Number of protein chains: 2
Amino acid sequence: MKIDPSSPADLSAQIAQAIRDAIVNGTLIVDERLPSEAELAEEFEVSRPTVREALKRLAAQSLIRTQRGATGGAFVNRLSFEAAQPQQITTSTLLLSMNAVSFETACEARYALERACAPLSAARRTPDHLATMRAEIHRQSQPGLTDEAFCASDVAFHRALVDGAGNPVLSYQLAGAVEAMQPLMNMITFTARDRARIITLHEGIANAVEAQDGPSAMTALTALEHETQTLALNVFAARARVAP
Amino acid sequence: MKIDPSSPADLSAQIAQAIRDAIVNGTLIVDERLPSEAELAEEFEVSRPTVREALKRLAAQSLIRTQRGATGGAFVNRLSFEAAQPQQITTSTLLLSMNAVSFETACEARYALERACAPLSAARRTPDHLATMRAEIHRQSQPGLTDEAFCASDVAFHRALVDGAGNPVLSYQLAGAVEAMQPLMNMITFTARDRARIITLHEGIANAVEAQDGPSAMTALTALEHETQTLALNVFAARARVAP
DNA sequence: TGCGATTGAAATGCCAGACATTGAGAACCC
DNA sequence: GGGTTCTCAATGTCTGGCATTTCAATCGCA
């Protein structure tokens, strides 16, 4: 592992990249302890603060964890889906908000991905997943629910659907798309009639998944997408008329 | 923005989180300049190295960029799909390798997601996307191609398919899944007959997309998934017999 | 001999101060 | 007016040090 002191890039960035490469290509394995900060500083011929900046970069990506004390140090982290999830959601949220991604585009992507899960979820869902879906539908029909709570329940419902596919890779990818859309969804106010229609569609999805009928689930998801798109269109149009 | 000096978490992690929150909730907007390191140090009542560690954490996630010189400083980055892509791929790759995700699971997820893109891509693909797909098919049929090059071309083919959907959110999510699988795919050696079958299936996909026939594209993708799974199964079984 | 308390060492977390380098604008000279 | 130099603020880096945490070895005592 070597770095180029004359490169225009920061030394800490180069060091971080060198260690990252070592982790990705398997030179450093999970739970292995890295040399101490002082040793790394000597190896790369830089000072300790520079090494520390590099290690913080890696810690920000959950690639390493640090432990204090005599047997402490920096250890290669086993990157878990749970640990990677929040970062992916933050990134996805910012991508949507900073790139002026339209509601339409985000919504289309989300439902396209969900339809991909539907057949698998229909085939493999456990009673647990079904119970969660039914519970969230019930919550959504409670009167007096705020729009935020309604959206949160909606997310929980869809996550149960996705998790039902029993494929962690799918769950991971989908969670980013679904959760990242929540800020956009929260911009919508739902009337009682809107909610009723959505709940009916949710019930259709739950029924299809319970009957292990993948195609029906996909059809119901398409209907829900159409409903959501129409709803958003109306809300945004109304808002444009009031405050142009 | 305040931090808790008595918290068990690192000060630099707390500071990074505080700034991250400010970016996500819109308190800090794109291209806005953060206070200088010295000012941040004073505001949070910590030293400058601590502030720097926090900033490096954010830089590692491409949330900020720094510029030297008199008018320099740290600026909120416009997070682009292009900048987020490499990080997502690194994370996905490590998730697969560190969590012993089976080839079967990863492959299933990948093709499920691609099938989600197929109808959109069939409807919207441009001549450019079609040309790329045809070009990659042609490359794959070259004799003497290494397995790595064949896989790389395979990835390029599928990326063209996904990009054809014209939805950046989908492209972003899919790129992670497709690219992260490359190391797994590279473990497979392809015989000439394997390649011929794959190329035939690729041609079927390209034809369906050209004819704007979404359902056929999905069917062809399913066939390709089945082919890939069978192939992998045989390769791994053979390997297990040779070196148990 | 056995066990608890003490101490030592190693590591990270944090700080103060300083110097080097960079880059943009201001001031200056021709 | 145009090019050149100067200035200065900001980041990048280093030195040295202290604080804190944690484990392990050692010591003391029963």
# chains A, B, ... in the order shown; residues from 1 in each chain; ligands from 1
>>> interface_residues(of="chain A", to="chain B", cutoff="7 Å", atoms="only C-alpha atoms", output="PDB file with C-alpha atoms, in the first residue's frame")
ATOM      1  CA  VAL A  24     -12.582  -4.607  -1.171  1.00  0.00           C
ATOM      2  CA  GLU A  53      -8.778  11.887   8.946  1.00  0.00           C
ATOM      3  CA  LYS A  56     -12.780   8.860   9.844  1.00  0.00           C
ATOM      4  CA  ARG A  57     -13.591   8.771   6.154  1.00  0.00           C
ATOM      5  CA  ALA A  60     -18.284   7.336   7.785  1.00  0.00           C
ATOM      6  CA  ARG A  78     -18.685  -6.636   8.657  1.00  0.00           C
ATOM      7  CA  LEU A  79     -20.898  -4.431   6.544  1.00  0.00           C
ATOM      8  CA  SER A  80     -24.446  -5.471   7.317  1.00  0.00           C
ATOM      9  CA  PHE A  81     -27.588  -4.633   5.414  1.00  0.00           C
ATOM     10  CA  LEU A  94     -30.664  13.874  -1.131  1.00  0.00           C
ATOM     11  CA  LEU A  95     -30.442  12.646  -4.706  1.00  0.00           C
ATOM     12  CA  MET A  98     -31.092  18.003  -4.976  1.00  0.00           C
ATOM     13  CA  THR A 105     -40.148   9.879 -12.029  1.00  0.00           C
ATOM     14  CA  ALA A 106     -39.568   8.802  -8.445  1.00  0.00           C
ATOM     15  CA  ALA A 109     -39.250   3.939 -10.271  1.00  0.00           C
ATOM     16  CA  ALA A 112     -41.578  -0.561 -11.058  1.00  0.00           C
ATOM     17  CA  LEU A 113     -39.243  -1.950  -8.407  1.00  0.00           C
ATOM     18  CA  ARG A 115     -43.730  -4.893  -9.040  1.00  0.00           C
ATOM     19  CA  ALA A 116     -40.455  -6.764  -9.411  1.00  0.00           C
ATOM     20  CA  CYS A 117     -40.834  -8.004  -5.829  1.00  0.00           C
ATOM     21  CA  ASN A 167     -34.384 -11.627  -0.584  1.00  0.00           C
ATOM     22  CA  VAL A 169     -30.640  -7.754  -1.670  1.00  0.00           C
ATOM     23  CA  LEU A 170     -34.064  -6.768  -2.942  1.00  0.00           C
ATOM     24  CA  GLN A 173     -32.399  -1.802  -2.744  1.00  0.00           C
TER      25      GLN A 173
END
>>> residues_around(residues="B:Phe103", least_positions_apart="5", cutoff="12 Å", atoms="only C-alpha atoms (C1' of nucleotides)", output="MDAnalysis selection string")
(chainID A and resid 167 169) or (chainID B and resid 96:97 108:110 180:188 225 228:233 235:236)
>>> write_last_selection(atoms="N, CA and C atoms", output="JSON list (two decimals), in the first residue's frame")
[["chain", "number", "residue", "atom", "x", "y", "z"],
["A", 167, "ASN", "N", -35.67, -11.83, 0.09],
["A", 167, "ASN", "CA", -34.38, -11.63, -0.58],
["A", 167, "ASN", "C", -33.76, -10.35, -0.03],
["A", 169, "VAL", "N", -31.15, -8.71, -0.68],
["A", 169, "VAL", "CA", -30.64, -7.75, -1.67],
["A", 169, "VAL", "C", -31.78, -6.89, -2.19],
["B", 96, "LEU", "N", -22.42, -7.99, -0.60],
["B", 96, "LEU", "CA", -22.53, -9.35, -1.15],
["B", 96, "LEU", "C", -21.40, -10.23, -0.64],
["B", 97, "SER", "N", -20.16, -9.71, -0.63],
["B", 97, "SER", "CA", -19.03, -10.57, -0.30],
["B", 97, "SER", "C", -18.94, -10.83, 1.20],
["B", 108, "GLU", "N", -31.16, -13.61, -8.50],
["B", 108, "GLU", "CA", -32.62, -13.44, -8.47],
["B", 108, "GLU", "C", -33.00, -11.97, -8.33],
["B", 109, "ALA", "N", -32.32, -11.28, -7.41],
["B", 109, "ALA", "CA", -32.62, -9.86, -7.20],
["B", 109, "ALA", "C", -32.32, -9.06, -8.46],
["B", 110, "ARG", "N", -31.18, -9.35, -9.04],
["B", 110, "ARG", "CA", -30.79, -8.58, -10.21],
["B", 110, "ARG", "C", -31.80, -8.73, -11.34],
["B", 180, "ALA", "N", -22.39, -4.79, -8.78],
["B", 180, "ALA", "CA", -21.92, -5.51, -7.59],
["B", 180, "ALA", "C", -21.84, -7.01, -7.86],
["B", 181, "MET", "N", -22.62, -7.47, -8.84],
["B", 181, "MET", "CA", -22.59, -8.91, -9.13],
["B", 181, "MET", "C", -21.40, -9.32, -9.97],
["B", 182, "GLN", "N", -20.69, -8.34, -10.53],
["B", 182, "GLN", "CA", -19.60, -8.69, -11.45],
["B", 182, "GLN", "C", -18.55, -9.61, -10.82],
["B", 183, "PRO", "N", -18.11, -9.32, -9.58],
["B", 183, "PRO", "CA", -17.15, -10.25, -8.98],
["B", 183, "PRO", "C", -17.67, -11.67, -8.91],
["B", 184, "LEU", "N", -18.96, -11.81, -8.62],
["B", 184, "LEU", "CA", -19.53, -13.16, -8.57],
["B", 184, "LEU", "C", -19.54, -13.79, -9.96],
["B", 185, "MET", "N", -19.92, -12.97, -10.96],
["B", 185, "MET", "CA", -19.96, -13.49, -12.32],
["B", 185, "MET", "C", -18.58, -13.89, -12.80],
["B", 186, "ASN", "N", -17.57, -13.16, -12.35],
["B", 186, "ASN", "CA", -16.21, -13.43, -12.81],
["B", 186, "ASN", "C", -15.69, -14.77, -12.30],
["B", 187, "MET", "N", -16.39, -15.34, -11.32],
["B", 187, "MET", "CA", -15.97, -16.65, -10.83],
["B", 187, "MET", "C", -16.37, -17.77, -11.77],
["B", 188, "ILE", "N", -17.20, -17.42, -12.75],
["B", 188, "ILE", "CA", -17.69, -18.42, -13.68],
["B", 188, "ILE", "C", -16.84, -18.43, -14.94],
["B", 225, "GLU", "N", -32.22, -15.42, -16.89],
["B", 225, "GLU", "CA", -31.98, -15.68, -15.48],
["B", 225, "GLU", "C", -31.85, -17.19, -15.25],
["B", 228, "THR", "N", -28.57, -18.44, -16.55],
["B", 228, "THR", "CA", -27.45, -18.04, -15.69],
["B", 228, "THR", "C", -27.41, -18.88, -14.42],
["B", 229, "GLN", "N", -28.59, -19.09, -13.83],
["B", 229, "GLN", "CA", -28.64, -19.88, -12.59],
["B", 229, "GLN", "C", -28.16, -21.30, -12.84],
["B", 230, "THR", "N", -28.65, -21.91, -13.93],
["B", 230, "THR", "CA", -28.25, -23.28, -14.25],
["B", 230, "THR", "C", -26.75, -23.37, -14.46],
["B", 231, "LEU", "N", -26.25, -22.41, -15.23],
["B", 231, "LEU", "CA", -24.82, -22.35, -15.52],
["B", 231, "LEU", "C", -24.01, -22.29, -14.24],
["B", 232, "ALA", "N", -24.39, -21.38, -13.36],
["B", 232, "ALA", "CA", -23.66, -21.20, -12.10],
["B", 232, "ALA", "C", -23.72, -22.48, -11.27],
["B", 233, "LEU", "N", -24.88, -23.08, -11.24],
["B", 233, "LEU", "CA", -25.06, -24.30, -10.47],
["B", 233, "LEU", "C", -24.08, -25.37, -10.94],
["B", 235, "VAL", "N", -21.27, -24.95, -12.69],
["B", 235, "VAL", "CA", -19.89, -24.57, -12.46],
["B", 235, "VAL", "C", -19.50, -24.83, -11.00],
["B", 236, "PHE", "N", -20.38, -24.42, -10.08],
["B", 236, "PHE", "CA", -20.05, -24.60, -8.67],
["B", 236, "PHE", "C", -20.04, -26.08, -8.29]]
>>> interface_residues(of="chain B", to="chain D", cutoff="9 Å", atoms="only C-alpha atoms (C1' of nucleotides)", output="list in words")
Ser36, Glu37, Thr66, Gln67, Arg68, Gly69, Ala70, Thr71, Gly72 and Gly73 of chain B
>>> write_last_selection(atoms="N, CA and C atoms", output="PDB file, in the first residue's frame")
ATOM      1  N   SER B  36     -15.890  28.715   8.210  1.00  0.00           N
ATOM      2  CA  SER B  36     -14.539  28.166   8.124  1.00  0.00           C
ATOM      3  C   SER B  36     -14.304  27.194   9.280  1.00  0.00           C
ATOM      4  N   GLU B  37     -13.287  26.382   9.133  1.00  0.00           N
ATOM      5  CA  GLU B  37     -12.989  25.378  10.159  1.00  0.00           C
ATOM      6  C   GLU B  37     -12.807  26.043  11.525  1.00  0.00           C
ATOM      7  N   THR B  66     -14.376  20.612  -0.568  1.00  0.00           N
ATOM      8  CA  THR B  66     -13.569  21.689   0.017  1.00  0.00           C
ATOM      9  C   THR B  66     -12.701  22.296  -1.063  1.00  0.00           C
ATOM     10  N   GLN B  67     -12.423  23.564  -0.872  1.00  0.00           N
ATOM     11  CA  GLN B  67     -11.644  24.323  -1.822  1.00  0.00           C
ATOM     12  C   GLN B  67     -10.610  25.104  -1.028  1.00  0.00           C
ATOM     13  N   ARG B  68      -9.402  25.129  -1.492  1.00  0.00           N
ATOM     14  CA  ARG B  68      -8.368  25.878  -0.793  1.00  0.00           C
ATOM     15  C   ARG B  68      -8.328  27.301  -1.318  1.00  0.00           C
ATOM     16  N   GLY B  69      -7.542  28.104  -0.669  1.00  0.00           N
ATOM     17  CA  GLY B  69      -7.372  29.480  -1.126  1.00  0.00           C
ATOM     18  C   GLY B  69      -8.211  30.471  -0.339  1.00  0.00           C
ATOM     19  N   ALA B  70      -8.037  31.728  -0.709  1.00  0.00           N
ATOM     20  CA  ALA B  70      -8.654  32.816   0.060  1.00  0.00           C
ATOM     21  C   ALA B  70     -10.173  32.707   0.081  1.00  0.00           C
ATOM     22  N   THR B  71     -10.773  32.397  -1.039  1.00  0.00           N
ATOM     23  CA  THR B  71     -12.237  32.313  -1.092  1.00  0.00           C
ATOM     24  C   THR B  71     -12.692  30.870  -0.924  1.00  0.00           C
ATOM     25  N   GLY B  72     -11.794  30.036  -0.397  1.00  0.00           N
ATOM     26  CA  GLY B  72     -12.107  28.613  -0.267  1.00  0.00           C
ATOM     27  C   GLY B  72     -12.988  28.321   0.925  1.00  0.00           C
ATOM     28  N   GLY B  73     -13.037  27.059   1.268  1.00  0.00           N
ATOM     29  CA  GLY B  73     -13.876  26.621   2.377  1.00  0.00           C
ATOM     30  C   GLY B  73     -14.586  25.332   2.025  1.00  0.00           C
TER      31      GLY B  73
END
>>> interface_residues(of="chain C", to="chain B", cutoff="10 Å", atoms="only C-alpha atoms (C1' of nucleotides)", output="ChimeraX atom specification")
/C:13-16,21-25
>>> atom_distance(atom1="atom CA of B:Phe75", atom2="atom CA of B:Asp31")
5.4 Å
>>> atom_distance(atom1="atom CA of B:Thr219", atom2="atom CA of A:Ala206")
25.4 Å
>>> atom_distance(atom1="atom CA of B:Asp154", atom2="atom CA of A:Ala123")
29.2 Å
>>> closest_residue(among="A:Ala220, A:Ala100, A:Ala41, A:Ala175", to="A:Arg159", atoms="only C-alpha atoms")
A:Ala175
>>> select_by_dssp(residues="stretch 79-129 of chain B", states="helix (DSSP H, G or I)", output="PyMOL selection string")
chain B and resi 81-98+103-124+127-129
>>> write_last_selection(atoms="N, CA and C atoms", output="tab-separated table (two decimals), in the first residue's frame")
chain	number	residue	atom	x	y	z
B	81	PHE	N	-26.14	11.80	-9.36
B	81	PHE	CA	-26.22	10.36	-9.53
B	81	PHE	C	-24.84	9.79	-9.86
B	82	GLU	N	-24.08	10.52	-10.67
B	82	GLU	CA	-22.76	10.03	-11.07
B	82	GLU	C	-21.83	9.91	-9.86
B	83	ALA	N	-21.91	10.88	-8.94
B	83	ALA	CA	-21.02	10.85	-7.78
B	83	ALA	C	-21.44	9.78	-6.79
B	84	ALA	N	-22.75	9.53	-6.70
B	84	ALA	CA	-23.25	8.57	-5.72
B	84	ALA	C	-23.04	7.13	-6.18
B	85	GLN	N	-22.97	6.96	-7.49
B	85	GLN	CA	-22.88	5.62	-8.07
B	85	GLN	C	-21.71	4.79	-7.53
B	86	PRO	N	-20.46	5.31	-7.61
B	86	PRO	CA	-19.33	4.49	-7.18
B	86	PRO	C	-19.45	4.03	-5.73
B	87	GLN	N	-19.92	4.94	-4.87
B	87	GLN	CA	-20.08	4.55	-3.47
B	87	GLN	C	-21.10	3.43	-3.32
B	88	GLN	N	-22.19	3.58	-4.06
B	88	GLN	CA	-23.22	2.56	-3.96
B	88	GLN	C	-22.68	1.21	-4.43
B	89	ILE	N	-21.88	1.24	-5.49
B	89	ILE	CA	-21.34	-0.01	-6.02
B	89	ILE	C	-20.38	-0.64	-5.02
B	90	THR	N	-19.50	0.19	-4.42
B	90	THR	CA	-18.59	-0.33	-3.41
B	90	THR	C	-19.37	-0.97	-2.27
B	91	THR	N	-20.37	-0.26	-1.79
B	91	THR	CA	-21.15	-0.78	-0.68
B	91	THR	C	-21.85	-2.07	-1.05
B	92	SER	N	-22.46	-2.10	-2.22
B	92	SER	CA	-23.18	-3.31	-2.64
B	92	SER	C	-22.22	-4.48	-2.79
B	93	THR	N	-21.06	-4.22	-3.38
B	93	THR	CA	-20.08	-5.29	-3.56
B	93	THR	C	-19.69	-5.89	-2.21
B	94	LEU	N	-19.42	-5.01	-1.25
B	94	LEU	CA	-19.01	-5.50	0.07
B	94	LEU	C	-20.15	-6.22	0.76
B	95	LEU	N	-21.37	-5.72	0.58
B	95	LEU	CA	-22.51	-6.39	1.21
B	95	LEU	C	-22.62	-7.82	0.70
B	96	LEU	N	-22.42	-7.99	-0.60
B	96	LEU	CA	-22.53	-9.35	-1.15
B	96	LEU	C	-21.40	-10.23	-0.64
B	97	SER	N	-20.16	-9.71	-0.63
B	97	SER	CA	-19.03	-10.57	-0.30
B	97	SER	C	-18.94	-10.83	1.20
B	98	MET	N	-19.37	-9.87	2.01
B	98	MET	CA	-19.19	-10.03	3.46
B	98	MET	C	-20.35	-10.76	4.12
B	103	PHE	N	-24.96	-16.74	-4.79
B	103	PHE	CA	-25.10	-16.34	-6.18
B	103	PHE	C	-26.57	-16.35	-6.57
B	104	GLU	N	-27.27	-17.35	-6.09
B	104	GLU	CA	-28.68	-17.51	-6.43
B	104	GLU	C	-29.49	-16.29	-5.99
B	105	THR	N	-29.27	-15.87	-4.74
B	105	THR	CA	-30.04	-14.73	-4.21
B	105	THR	C	-29.73	-13.45	-4.97
B	106	ALA	N	-28.44	-13.21	-5.19
B	106	ALA	CA	-28.04	-11.98	-5.89
B	106	ALA	C	-28.58	-11.98	-7.31
B	107	CYS	N	-28.49	-13.12	-7.95
B	107	CYS	CA	-28.94	-13.23	-9.34
B	107	CYS	C	-30.45	-13.01	-9.41
B	108	GLU	N	-31.16	-13.61	-8.50
B	108	GLU	CA	-32.62	-13.44	-8.47
B	108	GLU	C	-33.00	-11.97	-8.33
B	109	ALA	N	-32.32	-11.28	-7.41
B	109	ALA	CA	-32.62	-9.86	-7.20
B	109	ALA	C	-32.32	-9.06	-8.46
B	110	ARG	N	-31.18	-9.35	-9.04
B	110	ARG	CA	-30.79	-8.58	-10.21
B	110	ARG	C	-31.80	-8.73	-11.34
B	111	TYR	N	-32.22	-9.94	-11.62
B	111	TYR	CA	-33.13	-10.11	-12.75
B	111	TYR	C	-34.53	-9.64	-12.43
B	112	ALA	N	-34.91	-9.74	-11.16
B	112	ALA	CA	-36.22	-9.19	-10.77
B	112	ALA	C	-36.23	-7.69	-11.04
B	113	LEU	N	-35.15	-7.02	-10.68
B	113	LEU	CA	-35.08	-5.57	-10.88
B	113	LEU	C	-35.03	-5.24	-12.37
B	114	GLU	N	-34.30	-6.03	-13.11
B	114	GLU	CA	-34.21	-5.74	-14.55
B	114	GLU	C	-35.56	-5.93	-15.23
B	115	ARG	N	-36.27	-6.94	-14.80
B	115	ARG	CA	-37.60	-7.14	-15.40
B	115	ARG	C	-38.49	-5.93	-15.13
B	116	ALA	N	-38.24	-5.28	-13.98
B	116	ALA	CA	-39.05	-4.09	-13.68
B	116	ALA	C	-38.77	-2.98	-14.69
B	117	CYS	N	-37.55	-2.94	-15.19
B	117	CYS	CA	-37.18	-1.89	-16.16
B	117	CYS	C	-37.65	-2.22	-17.56
B	118	ALA	N	-37.80	-3.51	-17.85
B	118	ALA	CA	-37.99	-3.94	-19.23
B	118	ALA	C	-39.14	-3.23	-19.95
B	119	PRO	N	-40.34	-3.19	-19.36
B	119	PRO	CA	-41.43	-2.54	-20.09
B	119	PRO	C	-41.17	-1.06	-20.37
B	120	LEU	N	-40.60	-0.38	-19.38
B	120	LEU	CA	-40.30	1.04	-19.57
B	120	LEU	C	-39.25	1.22	-20.65
B	121	SER	N	-38.23	0.35	-20.60
B	121	SER	CA	-37.16	0.46	-21.58
B	121	SER	C	-37.69	0.16	-22.98
B	122	ALA	N	-38.58	-0.81	-23.09
B	122	ALA	CA	-39.15	-1.14	-24.40
B	122	ALA	C	-39.92	0.05	-24.94
B	123	ALA	N	-40.58	0.77	-24.05
B	123	ALA	CA	-41.40	1.89	-24.50
B	123	ALA	C	-40.57	3.11	-24.89
B	124	ARG	N	-39.44	3.29	-24.23
B	124	ARG	CA	-38.76	4.58	-24.35
B	124	ARG	C	-37.36	4.52	-24.93
B	127	PRO	N	-32.56	5.13	-30.16
B	127	PRO	CA	-31.66	4.39	-31.06
B	127	PRO	C	-30.28	4.20	-30.45
B	128	ASP	N	-29.84	5.16	-29.65
B	128	ASP	CA	-28.55	5.04	-28.99
B	128	ASP	C	-28.48	3.79	-28.11
B	129	HIS	N	-29.51	3.60	-27.30
B	129	HIS	CA	-29.50	2.44	-26.41
B	129	HIS	C	-29.49	1.14	-27.22
